[in-house]
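Just below is one structure, and these are the notes that go with it.
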Amino acid sequence: DVATTLSHLGQTYEFSGNLDEAFLTHSRALKIREKILGFEHPDTANTWARLGGIQRRRGNSRKAMEHLHVAHTVSQSLLGAQHPATAIYAHNLAGALQRLQEDEMALTHYTEAAQVLQASEQHYGASHPVLAYARQSLTRCRSMA
């Protein structure tokens, strides 16, 4: 479909460092996904997260936090608080909050991510890449305490 193709193109722009074009392309994909799939859909949440990641890389922590907050909220509503995707969005949101010196909220989200992802270890296995987020979250929690 068009939105998926745009999303893949946006990722290609991201990986090549063309953040402006990546943002525009993901924004187009978001508009299509919201129209066809609705606001509350995992693919829509993923697109919000992509936009947040681009904003982070652009140095716009406030916009990154706003986009990542939407991704996290939608994922939590759809998939539940214990889903690994929700935990990854929580981890990324925590990073944006930490860059904004919102340490208390960042710690809350890092802790959420670490707990969910650690619990996922039995399902995924200790060497699964998604668990790297849990280790990062735990490390950041410990450094903030």
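By order in the structure tokens, chains are A, B, ...; within a chain, residues start at 1; ligands start at 1, following the order shown.
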What lies within 12 Å of range 106-110 of chain A using only C-alpha atoms, ignoring chain neighbours under 3 positions off, as number ranges by chain?
-> A: 65, 68-69, 72-73, 81, 86-103, 113-118, 133-145
Shell around Leu51 in chain A at 10 Å using only C-alpha atoms, local window under 4 positions removed, as a ChimeraX atom specification = /A:10,19,22-27,30,45-47,55-57,63-64,66-68,71
For each of A:Met105, A:Gln82, A:Ala132, A:Val70, take the minimum atom-to-atom distance to Ala119 in chain A, counting only C-alpha atoms, then give the residue where this is smallest.
->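 Comparing A:Met105, A:Gln82, A:Ala132, A:Val70 against Ala119 in chain A, the winner is A:Gln82.
With only C-alpha atoms as the atoms that count, the residue of A:Lys35, A:Ala85, A:Asp20, A:Thr12 with the shortest distance to Ala49 in chain A is A:Ala85.
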DSSP alpha helix (DSSP H) residues within range 108-139 of chain A, listed as a PyMOL selection string | chain A and resi 108-119+121-124+131-139
Using only C-alpha atoms, the shortest atom-to-atom distance to Ser77 in chain A among A:Gly59, A:Gly52, A:Pro42, A:Gly17 belongs to A:Pro42
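For the pair CA of Arg62 in chain A and CA of Arg33 in chain A, the interatomic distance is 23.6 Å.
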